[in-house]
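J.: Input file: data15.cif. Contents: mmCIF, C-alpha atoms.
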data_protein
loop_
_atom_site.label_atom_id
_atom_site.label_comp_id
_atom_site.auth_asym_id
_atom_site.auth_seq_id
_atom_site.Cartn_x
_atom_site.Cartn_y
_atom_site.Cartn_z
CA MET A 1 0.00 0.00 0.00
CA LYS A 2 1.63 3.15 -1.26
CA GLY A 3 0.02 5.64 1.13
CA PHE A 4 0.69 3.35 4.11
CA ALA A 5 4.39 3.12 3.24
CA ALA A 6 4.54 6.88 2.64
CA ILE A 7 3.31 7.57 6.19
CA ILE A 8 5.83 5.19 7.73
CA ARG A 9 8.69 6.69 5.71
CA ARG A 10 7.66 10.19 6.75
CA GLU A 11 7.29 9.33 10.43
CA LEU A 12 10.68 7.59 10.52
CA LYS A 13 12.36 10.54 8.79
CA LEU A 14 10.78 12.96 11.24
CA ALA A 15 11.76 10.78 14.21
CA LEU A 16 15.35 10.46 13.03
CA ARG A 17 15.79 14.16 12.29
CA GLN A 18 14.16 15.52 15.41
CA GLY A 19 15.00 12.40 17.37
CA SER A 20 14.48 13.79 20.86
CA ASP A 21 11.06 12.17 21.51
CA ALA A 22 12.18 8.59 20.94
CA ALA A 23 15.54 9.06 22.65
CA VAL A 24 13.89 10.68 25.66
CA ALA A 25 11.48 7.77 26.04
CA LEU A 26 14.33 5.27 25.94
CA MET A 27 16.50 7.24 28.38
CA PHE A 28 13.51 7.60 30.69
CA TYR A 29 13.06 3.83 30.61
CA VAL A 30 16.70 3.20 31.53
CA VAL A 31 16.68 5.79 34.32
CA VAL A 32 13.41 4.57 35.89
CA VAL A 33 14.56 0.97 35.98
CA ALA A 34 18.04 1.94 37.19
CA LEU A 35 16.47 3.73 40.17
CA PHE A 36 15.04 0.51 41.58
CA PRO A 37 18.33 -1.09 42.73
CA LEU A 38 19.09 2.21 44.43
CA GLY A 39 15.66 2.44 46.01
CA VAL A 40 15.08 -1.12 47.25
CA GLY A 41 18.75 -1.96 47.90
CA PRO A 42 21.10 -4.18 45.94
CA GLU A 43 19.99 -7.44 47.52
CA PRO A 44 19.78 -9.92 44.58
CA GLY A 45 16.84 -11.91 45.96
CA ILE A 46 14.48 -8.96 46.17
CA LEU A 47 15.54 -7.47 42.83
CA GLU A 48 15.24 -10.80 41.09
CA ARG A 49 11.77 -11.24 42.52
CA ILE A 50 10.49 -7.85 41.27
CA SER A 51 12.54 -7.63 38.05
CA GLY A 52 9.71 -8.70 35.71
CA GLY A 53 7.28 -6.16 37.12
CA VAL A 54 9.81 -3.33 37.19
CA VAL A 55 10.91 -3.87 33.60
CA TRP A 56 7.29 -3.93 32.43
CA ILE A 57 6.12 -0.92 34.43
CA GLY A 58 9.13 1.03 33.20
CA ALA A 59 8.21 0.08 29.63
CA LEU A 60 4.59 1.21 30.13
CA LEU A 61 5.63 4.58 31.53
CA ALA A 62 8.25 5.12 28.82
CA ALA A 63 5.75 4.29 26.09
CA MET A 64 3.35 6.91 27.52
CA LEU A 65 5.96 9.67 27.24
CA SER A 66 5.92 10.03 23.46
CA LEU A 67 2.23 9.23 22.98
CA ASP A 68 0.82 12.74 23.17
CA ARG A 69 2.98 13.74 20.19
CA LEU A 70 1.52 10.99 18.03
CA PHE A 71 -1.14 13.25 16.50
CA GLN A 72 -0.57 16.52 18.34
CA SER A 73 2.01 18.07 16.01
CA ASP A 74 -0.06 17.07 12.97
CA TYR A 75 -3.08 18.62 14.66
CA GLU A 76 -1.24 21.88 15.28
CA ASP A 77 0.25 22.37 11.82
CA GLY A 78 -2.88 21.39 9.89
CA SER A 79 -1.48 18.09 8.61
CA LEU A 80 -4.20 16.18 10.45
CA ASP A 81 -6.93 17.74 8.27
CA LEU A 82 -5.19 16.36 5.22
CA LEU A 83 -4.42 13.02 6.87
CA VAL A 84 -8.08 12.58 7.78
CA MET A 85 -8.89 13.28 4.12
CA ALA A 86 -6.98 10.16 3.08
CA PRO A 87 -8.25 8.72 -0.20
CA TRP A 88 -7.99 5.30 1.45
CA PRO A 89 -9.37 4.03 4.80
CA LEU A 90 -8.48 6.29 7.70
CA GLU A 91 -8.08 3.22 9.93
CA LEU A 92 -5.07 2.20 7.84
CA MET A 93 -3.59 5.67 8.29
CA VAL A 94 -3.88 5.21 12.08
CA LEU A 95 -2.36 1.75 11.79
CA ALA A 96 0.60 3.19 9.87
CA LYS A 97 1.05 5.82 12.57
CA CYS A 98 0.98 3.11 15.26
CA LEU A 99 3.48 0.97 13.41
CA ALA A 100 5.82 3.94 13.01
CA HIS A 101 5.39 4.82 16.69
CA TRP A 102 6.22 1.23 17.64
CA LEU A 103 9.31 1.17 15.41
CA VAL A 104 10.54 4.37 17.02
CA THR A 105 9.70 3.69 20.69
CA GLY A 106 8.34 0.16 21.24
CA LEU A 107 11.09 -1.66 19.38
CA PRO A 108 14.00 0.09 21.17
CA ILE A 109 12.22 -0.47 24.50
CA MET A 110 11.85 -4.15 23.67
CA LEU A 111 15.48 -4.51 22.59
CA ILE A 112 16.92 -2.82 25.65
CA SER A 113 14.68 -4.61 28.19
CA PRO A 114 16.91 -7.74 28.59
CA LEU A 115 19.79 -5.43 29.41
CA LEU A 116 17.71 -3.81 32.13
CA GLY A 117 16.71 -7.29 33.30
CA LEU A 118 20.40 -8.00 33.76
CA LEU A 119 20.64 -4.90 35.91
CA LEU A 120 17.96 -6.39 38.19
CA HIS A 121 19.47 -9.90 38.37
CA MET A 122 16.65 -11.30 36.29
CA ASP A 123 16.84 -15.07 35.97
CA THR A 124 18.68 -15.91 32.72
CA GLY A 125 15.94 -18.33 31.75
CA ALA A 126 13.44 -15.48 31.57
CA TYR A 127 15.10 -13.37 28.85
CA MET A 128 13.53 -15.13 25.90
CA ALA A 129 10.12 -14.94 27.51
CA LEU A 130 10.69 -11.24 28.26
CA LEU A 131 11.63 -10.51 24.64
CA ALA A 132 8.67 -12.48 23.33
CA ALA A 133 6.25 -10.81 25.75
CA MET A 134 7.65 -7.37 24.88
CA ALA A 135 7.38 -8.14 21.15
CA LEU A 136 3.67 -8.87 21.62
CA GLY A 137 2.98 -6.26 24.31
CA THR A 138 4.66 -3.10 23.08
CA PRO A 139 2.61 -2.95 19.82
CA ILE A 140 -0.52 -3.12 21.97
CA LEU A 141 0.74 -0.09 23.91
CA SER A 142 1.14 1.88 20.67
CA LEU A 143 -2.32 0.82 19.49
CA ILE A 144 -4.17 1.64 22.72
CA GLY A 145 -2.05 4.76 23.01
CA ALA A 146 -3.24 5.95 19.60
CA VAL A 147 -6.84 5.93 20.84
CA GLY A 148 -5.87 8.00 23.87
CA ALA A 149 -3.73 10.37 21.80
CA ALA A 150 -6.60 10.92 19.35
CA LEU A 151 -9.09 11.52 22.15
CA VAL A 152 -7.05 14.19 23.96
CA LEU A 153 -6.34 16.29 20.84
CA GLY A 154 -6.85 19.93 21.61
CA ALA A 155 -6.89 19.41 25.39
CA ARG A 156 -4.53 21.29 27.66
CA ARG A 157 -1.92 19.14 29.43
CA ALA A 158 -2.63 16.44 26.88
CA GLY A 159 0.50 14.49 27.86
CA VAL A 160 -0.69 13.84 31.42
CA LEU A 161 -4.25 13.27 30.32
CA VAL A 162 -3.30 10.65 27.77
CA SER A 163 -1.35 8.72 30.43
CA LEU A 164 -4.31 8.79 32.81
CA LEU A 165 -6.54 7.58 30.02
CA VAL A 166 -4.30 4.89 28.60
CA LEU A 167 -2.47 3.39 31.58
CA PRO A 168 -5.55 1.71 33.12
CA LEU A 169 -6.28 0.13 29.74
CA THR A 170 -2.81 -1.40 29.62
CA VAL A 171 -3.33 -3.42 32.81
CA PRO A 172 -3.98 -6.71 30.95
CA VAL A 173 -0.73 -6.25 29.03
CA LEU A 174 1.11 -5.69 32.31
CA ILE A 175 -0.46 -8.73 34.00
CA PHE A 176 0.22 -11.21 31.22
CA GLY A 177 3.58 -9.68 30.35
CA VAL A 178 4.83 -10.04 33.92
CA ALA A 179 3.23 -13.48 34.26
CA ALA A 180 5.11 -14.72 31.20
CA VAL A 181 8.43 -13.48 32.59
CA GLU A 182 7.83 -14.90 36.06
CA ALA A 183 6.69 -18.25 34.73
CA ALA A 184 9.87 -18.57 32.72
CA ALA A 185 11.96 -17.45 35.71
CA ILE A 186 10.70 -20.32 37.85
CA GLY A 187 11.06 -22.81 35.03
CA GLN A 188 7.42 -23.00 33.95
CA ASP A 189 6.13 -22.68 30.42
CA PRO A 190 5.38 -18.99 29.57
CA GLN A 191 3.39 -20.00 26.51
CA PRO A 192 -0.16 -19.58 27.89
CA HIS A 193 0.61 -16.00 28.92
CA LEU A 194 2.23 -15.26 25.57
CA LEU A 195 -0.80 -16.66 23.78
CA LEU A 196 -3.06 -14.39 25.81
CA LEU A 197 -0.85 -11.42 24.92
CA GLY A 198 -1.11 -12.49 21.29
CA ALA A 199 -4.89 -12.59 21.60
CA LEU A 200 -4.87 -9.07 23.06
CA LEU A 201 -2.74 -7.87 20.15
CA LEU A 202 -5.09 -9.48 17.63
CA ALA A 203 -8.05 -7.79 19.29
CA ALA A 204 -6.30 -4.42 19.45
CA LEU A 205 -5.18 -4.49 15.80
CA PRO A 206 -8.62 -3.86 14.30
CA LEU A 207 -10.36 -2.22 17.28
CA CYS A 208 -7.89 0.51 18.22
CA PRO A 209 -7.37 1.99 14.73
CA TRP A 210 -11.14 2.01 14.30
CA ALA A 211 -11.69 3.85 17.58
CA ALA A 212 -8.79 6.25 17.01
CA ALA A 213 -10.03 7.04 13.49
CA ALA A 214 -13.44 7.96 14.89
CA ALA A 215 -11.78 10.21 17.48
CA LEU A 216 -9.64 11.87 14.78
CA ARG A 217 -12.72 12.61 12.66
CA GLN A 218 -14.26 14.20 15.72
CA ALA A 219 -11.14 16.26 16.42
CA THR A 220 -11.01 17.71 12.91
CA ALA A 221 -14.75 18.26 12.49
CA MET B 1 -15.87 22.37 -20.76
CA GLY B 2 -15.13 18.90 -19.47
CA ASN B 3 -17.82 17.53 -21.82
CA GLY B 4 -16.81 13.90 -21.39
CA ASN B 5 -17.19 13.68 -17.63
CA GLU B 6 -19.22 16.62 -16.49
CA ALA B 7 -19.26 16.80 -12.70
CA ILE B 8 -21.72 18.65 -10.51
CA PHE B 9 -20.77 19.70 -7.00
CA SER B 10 -23.75 21.04 -5.12
CA GLY B 11 -25.17 21.83 -1.74
CA GLU B 12 -28.82 21.62 -0.75
CA ALA B 13 -30.08 23.68 2.18
CA VAL B 14 -26.74 23.33 3.94
CA GLY B 15 -26.72 24.48 7.54
CA CYS B 16 -23.76 24.87 9.85
CA VAL B 17 -23.66 25.10 13.63
CA ARG B 18 -20.42 25.92 15.47
CA GLY B 19 -20.64 25.59 19.20
CA ALA B 20 -24.22 26.62 19.92
CA ARG B 21 -24.24 29.31 17.22
CA ARG B 22 -25.96 28.87 13.90
CA VAL B 23 -23.41 30.15 11.41
CA PHE B 24 -25.55 29.81 8.30
CA ASN B 25 -28.61 27.87 7.27
CA GLY B 26 -30.42 26.86 4.10
CA LEU B 27 -27.47 27.51 1.81
CA ASP B 28 -27.70 26.26 -1.77
CA PHE B 29 -24.97 26.19 -4.37
CA THR B 30 -24.38 24.38 -7.63
CA LEU B 31 -21.03 24.18 -9.37
CA ARG B 32 -20.28 22.44 -12.65
CA SER B 33 -16.99 21.46 -14.22
CA GLY B 34 -14.97 24.59 -14.90
CA ASP B 35 -16.86 26.73 -12.40
CA ALA B 36 -15.31 28.89 -9.73
CA LEU B 37 -17.00 30.12 -6.59
CA VAL B 38 -15.60 32.88 -4.42
CA LEU B 39 -16.81 33.02 -0.84
CA THR B 40 -16.93 36.48 0.66
CA GLY B 41 -18.27 37.86 3.87
CA PRO B 42 -17.02 39.36 7.11
CA ASN B 43 -14.89 37.45 9.63
CA GLY B 44 -16.90 34.75 11.33
CA SER B 45 -19.52 34.54 8.60
CA GLY B 46 -18.68 30.89 7.99
CA LYS B 47 -16.35 30.86 4.96
CA SER B 48 -13.90 28.42 6.51
CA SER B 49 -16.72 26.36 8.01
CA LEU B 50 -18.35 26.05 4.60
CA LEU B 51 -15.06 24.96 3.01
CA ARG B 52 -14.59 22.30 5.70
CA LEU B 53 -18.14 21.08 5.06
CA MET B 54 -17.37 20.90 1.35
CA ALA B 55 -14.18 18.98 2.12
CA GLY B 56 -16.13 16.45 4.16
CA LEU B 57 -14.09 17.26 7.27
CA SER B 58 -17.25 18.18 9.14
CA ALA B 59 -20.82 17.17 8.53
CA PRO B 60 -23.52 19.77 7.88
CA ALA B 61 -26.01 20.31 10.72
CA SER B 62 -28.74 20.18 8.12
CA GLY B 63 -28.97 19.66 4.39
CA ALA B 64 -26.42 17.83 2.28
CA VAL B 65 -23.34 18.36 0.13
CA LEU B 66 -23.51 16.33 -3.07
CA TRP B 67 -21.15 15.25 -5.83
CA ASN B 68 -23.04 14.23 -8.98
CA GLY B 69 -26.14 13.91 -6.85
CA SER B 70 -24.87 11.55 -4.18
CA GLY B 71 -23.93 12.67 -0.66
CA ILE B 72 -20.20 13.09 -0.08
CA SER B 73 -20.40 11.43 3.35
CA LYS B 74 -21.54 8.17 1.74
CA ASP B 75 -18.07 7.52 0.36
CA ARG B 76 -15.52 9.56 2.30
CA GLU B 77 -12.50 8.09 0.53
CA ALA B 78 -13.86 8.82 -2.92
CA HIS B 79 -14.61 12.41 -1.95
CA ALA B 80 -11.18 12.81 -0.38
CA ALA B 81 -9.57 11.47 -3.55
CA ARG B 82 -11.29 14.10 -5.69
CA THR B 83 -10.71 16.98 -3.29
CA HIS B 84 -7.75 19.20 -2.52
CA TYR B 85 -8.19 21.26 0.64
CA VAL B 86 -5.69 23.99 1.45
CA GLY B 87 -6.41 25.45 4.86
CA HIS B 88 -4.90 28.49 6.50
CA VAL B 89 -2.21 26.44 8.21
CA THR B 90 0.15 24.99 5.65
CA ALA B 91 0.60 21.40 6.96
CA THR B 92 4.33 21.45 6.28
CA LYS B 93 6.92 19.70 8.44
CA PRO B 94 10.01 21.77 9.35
CA ALA B 95 12.28 18.71 9.43
CA LEU B 96 11.51 17.57 5.88
CA THR B 97 12.95 19.14 2.76
CA THR B 98 10.63 20.96 0.37
CA ALA B 99 10.78 18.13 -2.16
CA GLU B 100 10.25 15.45 0.51
CA ASP B 101 7.22 17.24 1.92
CA LEU B 102 5.64 17.47 -1.51
CA ALA B 103 6.59 13.86 -2.33
CA PHE B 104 4.98 12.65 0.88
CA TRP B 105 1.63 14.32 0.26
CA SER B 106 1.64 13.14 -3.34
CA ALA B 107 2.37 9.54 -2.32
CA PHE B 108 -0.24 9.86 0.41
CA ARG B 109 -2.74 10.75 -2.28
CA LEU B 110 -1.46 7.83 -4.34
CA ALA B 111 0.09 10.03 -7.02
CA GLU B 112 3.75 9.26 -7.46
CA ASP B 113 4.46 11.13 -10.67
CA THR B 114 7.78 12.77 -9.74
CA THR B 115 7.84 14.93 -12.86
CA ALA B 116 4.49 16.40 -11.79
CA GLN B 117 6.08 17.22 -8.44
CA GLU B 118 9.03 18.93 -10.12
CA ARG B 119 6.69 20.87 -12.37
CA ALA B 120 4.61 21.88 -9.36
CA LEU B 121 7.67 23.17 -7.51
CA ASP B 122 8.79 24.95 -10.65
CA HIS B 123 5.38 26.54 -11.18
CA PHE B 124 5.46 28.01 -7.70
CA GLY B 125 9.09 29.07 -7.96
CA LEU B 126 10.42 26.58 -5.41
CA SER B 127 12.74 24.53 -7.63
CA ARG B 128 15.83 26.09 -6.14
CA ARG B 129 14.52 25.40 -2.64
CA ALA B 130 13.74 21.72 -3.33
CA ARG B 131 16.52 20.43 -1.10
CA PHE B 132 16.02 23.05 1.60
CA PRO B 133 14.52 21.93 4.90
CA VAL B 134 11.08 23.49 5.25
CA ARG B 135 12.19 25.17 8.49
CA PHE B 136 14.29 27.59 6.39
CA LEU B 137 11.38 28.61 4.15
CA SER B 138 9.59 31.89 4.68
CA SER B 139 5.87 31.81 5.40
CA GLY B 140 5.15 32.81 1.81
CA GLN B 141 7.31 29.96 0.54
CA LYS B 142 5.53 27.50 2.83
CA ARG B 143 2.26 28.74 1.37
CA ARG B 144 3.65 28.14 -2.13
CA LEU B 145 4.64 24.62 -1.07
CA ALA B 146 1.11 23.94 0.20
CA LEU B 147 -0.28 25.19 -3.12
CA ALA B 148 2.20 23.09 -5.11
CA ARG B 149 0.33 20.00 -3.81
CA LEU B 150 -2.60 21.05 -5.99
CA LEU B 151 -0.51 20.46 -9.11
CA ALA B 152 1.54 17.49 -7.89
CA ALA B 153 -1.48 15.25 -7.33
CA PRO B 154 -4.36 16.15 -9.64
CA ALA B 155 -7.89 16.28 -8.22
CA PRO B 156 -10.99 17.89 -9.76
CA LEU B 157 -12.17 19.88 -6.73
CA TRP B 158 -10.00 22.55 -5.14
CA LEU B 159 -11.08 24.10 -1.84
CA LEU B 160 -8.83 27.02 -0.97
CA ASP B 161 -9.10 28.87 2.32
CA GLU B 162 -7.37 32.25 2.08
CA PRO B 163 -4.72 30.84 -0.28
CA THR B 164 -3.11 34.22 -0.91
CA VAL B 165 -2.07 34.90 2.69
CA GLY B 166 1.66 35.54 2.70
CA LEU B 167 2.00 35.28 -1.07
CA ASP B 168 3.84 37.99 -2.99
CA SER B 169 2.46 39.23 -6.31
CA GLN B 170 4.49 36.68 -8.24
CA GLY B 171 3.15 33.86 -6.05
CA GLN B 172 -0.39 35.12 -6.50
CA ARG B 173 0.06 35.15 -10.28
CA ALA B 174 1.32 31.55 -10.11
CA LEU B 175 -1.80 30.63 -8.16
CA GLU B 176 -4.03 32.47 -10.65
CA THR B 177 -2.55 30.68 -13.67
CA ALA B 178 -2.82 27.33 -11.83
CA ILE B 179 -6.50 28.00 -11.14
CA ALA B 180 -7.16 29.13 -14.72
CA ASP B 181 -5.50 25.97 -16.09
CA HIS B 182 -7.41 23.83 -13.62
CA ARG B 183 -10.72 25.34 -14.71
CA ALA B 184 -9.82 25.02 -18.37
CA GLY B 185 -9.30 21.30 -17.70
CA GLY B 186 -12.77 20.95 -16.18
CA GLY B 187 -11.84 21.43 -12.53
CA ILE B 188 -13.91 23.20 -9.90
CA VAL B 189 -12.50 25.82 -7.54
CA VAL B 190 -14.03 27.20 -4.36
CA LEU B 191 -12.03 29.96 -2.79
CA ALA B 192 -12.43 32.09 0.30
CA SER B 193 -10.46 35.29 0.08
CA HIS B 194 -10.47 38.89 1.19
CA VAL B 195 -8.26 40.04 -1.65
CA SER B 196 -9.42 39.91 -5.23
CA VAL B 197 -7.99 36.96 -7.10
CA ASP B 198 -8.26 36.70 -10.89
CA LEU B 199 -9.70 33.23 -11.38
CA GLY B 200 -9.47 33.28 -15.16
CA GLY B 201 -12.97 33.83 -16.52
CA THR B 202 -16.34 34.27 -14.97
CA VAL B 203 -16.83 33.51 -11.32
CA LYS B 204 -19.78 33.15 -9.02
CA THR B 205 -19.52 35.03 -5.79
CA LEU B 206 -21.33 33.89 -2.69
CA ASN B 207 -21.61 36.48 0.04
CA LEU B 208 -22.17 34.65 3.31
CA ALA B 209 -23.31 37.85 5.02
CA ASP B 210 -26.59 37.94 3.08
CA PHE B 211 -26.47 34.74 0.97
CA SER B 212 -26.50 36.77 -2.22
CA VAL B 213 -25.07 34.97 -5.22
CA SER B 214 -23.75 37.20 -7.95
CA ALA B 215 -22.46 35.77 -11.19
CA GLY B 216 -20.15 37.09 -13.81
CA PRO B 217 -21.59 38.19 -17.19
CA GLU B 218 -21.43 34.81 -18.90
CA ALA B 219 -22.12 32.55 -15.95
CA GLY B 220 -25.28 30.51 -15.95
CA ALA B 221 -25.19 30.35 -19.72
#
Could you render the structure from this file as structure tokens?
T.:
Amino acid sequence: MKGFAAIIRRELKLALRQGSDAAVALMFYVVVVALFPLGVGPEPGILERISGGVVWIGALLAAMLSLDRLFQSDYEDGSLDLLVMAPWPLELMVLAKCLAHWLVTGLPIMLISPLLGLLLHMDTGAYMALLAAMALGTPILSLIGAVGAALVLGARRAGVLVSLLVLPLTVPVLIFGVAAVEAAAIGQDPQPHLLLLGALLLAALPLCPWAAAAALRQATA
Amino acid sequence: MGNGNEAIFSGEAVGCVRGARRVFNGLDFTLRSGDALVLTGPNGSGKSSLLRLMAGLSAPASGAVLWNGSGISKDREAHAARTHYVGHVTATKPALTTAEDLAFWSAFRLAEDTTAQERALDHFGLSRRARFPVRFLSSGQKRRLALARLLAAPAPLWLLDEPTVGLDSQGQRALETAIADHRAGGGIVVLASHVSVDLGGTVKTLNLADFSVSAGPEAGA
């Protein structure tokens, strides 16, 4: 799809050239997780026990940071009017935006998470499960985030508002993401949790772009 | 003109409500291939609102906007494909180069004729700025870039909201010749402007203050 690819190319170019948003999210992730050994003490047993939850909560918070910019800058400079007037389904436009957002924030978060697990003495057996859970979970964050970002367009303090709106909706991702990591850490099979994450992703793929598209139409009306 | 595929763009008893205020009501217009309509009226009389209704960005509170007799909201994508909307913000991204910005919006509209893009830049005197980042363009040059999209991806219906803002006399002439060529090729132009623009031939003028429609000497023939 030519228009779909055009959006992704544009978003990646913009992210690379004014890279602060994505880099800030990643740095935020590293800093938040790095605070935990300082806060709860360096005792390996405790850190190991909470590592899955800390890595996931850090990822959720970091993903929220760049969300409010997803449509905001397009809204401000008039691009959103033209984007909503896509000569192909608007839902696909939202999906392209989500994919670009994931490539710029979700993918780096996913790739760096095992390293942060190491920092927290995460059990070595859990790394594959962590990567797999992140690979399924971070796209869901971008998708749900797009709905929130579209809904708060034009609001003051949109960044805080979008976090308040989106974070409660990401609870299932957190639960199954952490469950997968902890299952693997104690030698159990993480597959059921990963399958549930996969099911969440499959549900979010059509539903979130549809909801976000409706919110965008409302915002430009 | 445009004998082969004559198009009719019309509105029937169109009403617009912004906030709780009725901006206009019971507005009729009919435009055929080659026609031009200039919207006049004081600030706040609904020129921009009417253009956004015509673009399908917002839905009329009452009445309907029709293309060849069928409502434009029935097939949003088809209407978007035939419509160019240039609003008062230019929808340009500072981090992209002039050529990249134009190439994106052309690809987004599924037109990837690069020679058309070069010709469009040339027509609006931006060829020498093609590799410049948009952030270094003046506001008049950004306006020219927004107008260059009209030529880079052809569409029969042009909706222009104050297109001359920031343009110098040379830029305005470029716009006037583009509009004249567009009309000669069977295109329809609706333009809101406070300055007089030579649209190349007879024009209808719709004054939103009193709903009076005045036509040039040969119009309606």
J.: For a test of reading the model, state the distance in Å between atom CA of B:Gly71 and atom CA of B:Val14, rounded to one decimal.
T.: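 Straight-line distance from atom CA of B:Gly71 to atom CA of B:Val14 works out to 11.9 Å.
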J.: Could you work out an axis-aligned box for stretch 36-42 of chain B, taking every atom the file lists and adding 6 Å on each side, and report centre and edge lengths in Å to one decimal, as AutoDock Vina command-line options?
T.:
--center_x -16.8 --center_y 34.1 --center_z -1.3 --size_x 15.0 --size_y 22.5 --size_z 28.8
J.: Need to verify the contact set: stretch 70-72 of chain A, 8 Å, all atoms listed in the file, exclusion of same-chain residues closer than 3 positions in sequence. Can you return it as a PDB file with C-alpha atoms, in the coordinates of the input?
T.:
ATOM      1  CA  SER A  66       5.920  10.030  23.460  1.00  0.00           C
ATOM      2  CA  LEU A  67       2.230   9.230  22.980  1.00  0.00           C
ATOM      3  CA  TYR A  75      -3.080  18.620  14.660  1.00  0.00           C
ATOM      4  CA  GLU A  76      -1.240  21.880  15.280  1.00  0.00           C
ATOM      5  CA  LEU A  80      -4.200  16.180  10.450  1.00  0.00           C
ATOM      6  CA  LYS A  97       1.050   5.820  12.570  1.00  0.00           C
ATOM      7  CA  HIS A 101       5.390   4.820  16.690  1.00  0.00           C
ATOM      8  CA  ALA A 146      -3.240   5.950  19.600  1.00  0.00           C
ATOM      9  CA  ALA A 149      -3.730  10.370  21.800  1.00  0.00           C
ATOM     10  CA  ALA A 150      -6.600  10.920  19.350  1.00  0.00           C
ATOM     11  CA  LEU A 153      -6.340  16.290  20.840  1.00  0.00           C
ATOM     12  CA  GLY A 154      -6.850  19.930  21.610  1.00  0.00           C
TER      13      GLY A 154
END
J.: With all atoms listed in the file as the counted atoms, please give the residues lying no more than 8 Å from stretch 164-175 of chain B, apart from itself and same-chain residues fewer than 4 positions off, as a list in words.
T.: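 Answer for this query is His88, His123, Phe124, Gly125, Ser139, Gly140, Gln141, Arg143, Arg144, Leu147, Ile179, Ser193, Val195 and Val197 of chain B.
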J.: In file coordinates, which residues lie within 12 Å of (6.1, 20.8, -8.9) using all atoms listed in the file, given as an MDAnalysis selection string?
T.: chainID B and resid 98:103 106 112:130 144:154 174 178
J.: With 9 Å as the limit and counting all atoms listed in the file, what residues in chain B lie close to chain A? Please list them as an mmCIF file with C-alpha atoms, in the frame of the given file.
T.:
data_model
loop_
_atom_site.group_PDB
_atom_site.id
_atom_site.type_symbol
_atom_site.label_atom_id
_atom_site.label_comp_id
_atom_site.auth_asym_id
_atom_site.auth_seq_id
_atom_site.Cartn_x
_atom_site.Cartn_y
_atom_site.Cartn_z
ATOM 1 C CA ARG B 52 -14.590 22.300 5.700
ATOM 2 C CA LEU B 53 -18.140 21.080 5.060
ATOM 3 C CA ALA B 55 -14.180 18.980 2.120
ATOM 4 C CA GLY B 56 -16.130 16.450 4.160
ATOM 5 C CA LEU B 57 -14.090 17.260 7.270
ATOM 6 C CA SER B 58 -17.250 18.180 9.140
ATOM 7 C CA ALA B 59 -20.820 17.170 8.530
ATOM 8 C CA ARG B 76 -15.520 9.560 2.300
ATOM 9 C CA GLU B 77 -12.500 8.090 0.530
ATOM 10 C CA ALA B 78 -13.860 8.820 -2.920
ATOM 11 C CA HIS B 79 -14.610 12.410 -1.950
ATOM 12 C CA ALA B 80 -11.180 12.810 -0.380
ATOM 13 C CA ALA B 81 -9.570 11.470 -3.550
ATOM 14 C CA ARG B 82 -11.290 14.100 -5.690
ATOM 15 C CA THR B 83 -10.710 16.980 -3.290
ATOM 16 C CA HIS B 84 -7.750 19.200 -2.520
ATOM 17 C CA TYR B 85 -8.190 21.260 0.640
ATOM 18 C CA VAL B 86 -5.690 23.990 1.450
ATOM 19 C CA GLY B 87 -6.410 25.450 4.860
ATOM 20 C CA HIS B 88 -4.900 28.490 6.500
ATOM 21 C CA VAL B 89 -2.210 26.440 8.210
ATOM 22 C CA THR B 90 0.150 24.990 5.650
ATOM 23 C CA ALA B 91 0.600 21.400 6.960
ATOM 24 C CA THR B 92 4.330 21.450 6.280
ATOM 25 C CA LYS B 93 6.920 19.700 8.440
ATOM 26 C CA ALA B 95 12.280 18.710 9.430
ATOM 27 C CA LEU B 96 11.510 17.570 5.880
ATOM 28 C CA GLU B 100 10.250 15.450 0.510
ATOM 29 C CA ASP B 101 7.220 17.240 1.920
ATOM 30 C CA ALA B 103 6.590 13.860 -2.330
ATOM 31 C CA PHE B 104 4.980 12.650 0.880
ATOM 32 C CA TRP B 105 1.630 14.320 0.260
ATOM 33 C CA SER B 106 1.640 13.140 -3.340
ATOM 34 C CA ALA B 107 2.370 9.540 -2.320
ATOM 35 C CA PHE B 108 -0.240 9.860 0.410
ATOM 36 C CA ARG B 109 -2.740 10.750 -2.280
ATOM 37 C CA LEU B 110 -1.460 7.830 -4.340
ATOM 38 C CA GLU B 112 3.750 9.260 -7.460
#
J.: Any idea what the distance is between atom CA of A:Gly106 and atom CA of A:Ser163?
T.: 15.9 Å
J.: How far is it from atom CA of B:Phe24 to atom CA of B:Ser49, in Å with one decimal?
T.: 9.5 Å
J.: For B:Gly46, which residue among B:Glu12, B:Asp161, B:Asp198, B:Glu176 is the nearest when counting all atoms listed in the file?
T.: B:Asp161
J.: Applying the PyMOL selection byres ((chain B and resi 134) around 6) to the file I just gave you, which residues come out? Please list them as a compact mmCIF listing (two decimals) with C-alpha atoms, keeping the file's coordinate frame.
T.:
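Saved file part08.txt follows:
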# COMPACT_ATOMS: atom_id res chain seq x y z
CA PRO B 94 10.01 21.77 9.35
CA LEU B 96 11.51 17.57 5.88
CA THR B 97 12.95 19.14 2.76
CA THR B 98 10.63 20.96 0.37
CA PRO B 133 14.52 21.93 4.90
CA ARG B 135 12.19 25.17 8.49
CA PHE B 136 14.29 27.59 6.39
CA LEU B 137 11.38 28.61 4.15
J.: With only C-alpha atoms as the counted atoms, please give the residues lying no more than 10 Å from stretch 190-197 of chain A, apart from itself and same-chain residues fewer than 2 positions off, as a PyMOL selection string.
T.: chain A and resi 126+128-130+132-137+140+172-188+199-203
J.: With a distance cut-off of 9 Å and only C-alpha atoms, select the neighbouring residues of B:Gly63, excluding the residue or stretch itself and same-chain residues fewer than 3 positions from it, and output the selection as a PyMOL selection string.
T.: chain B and resi 11-15+25-27+60
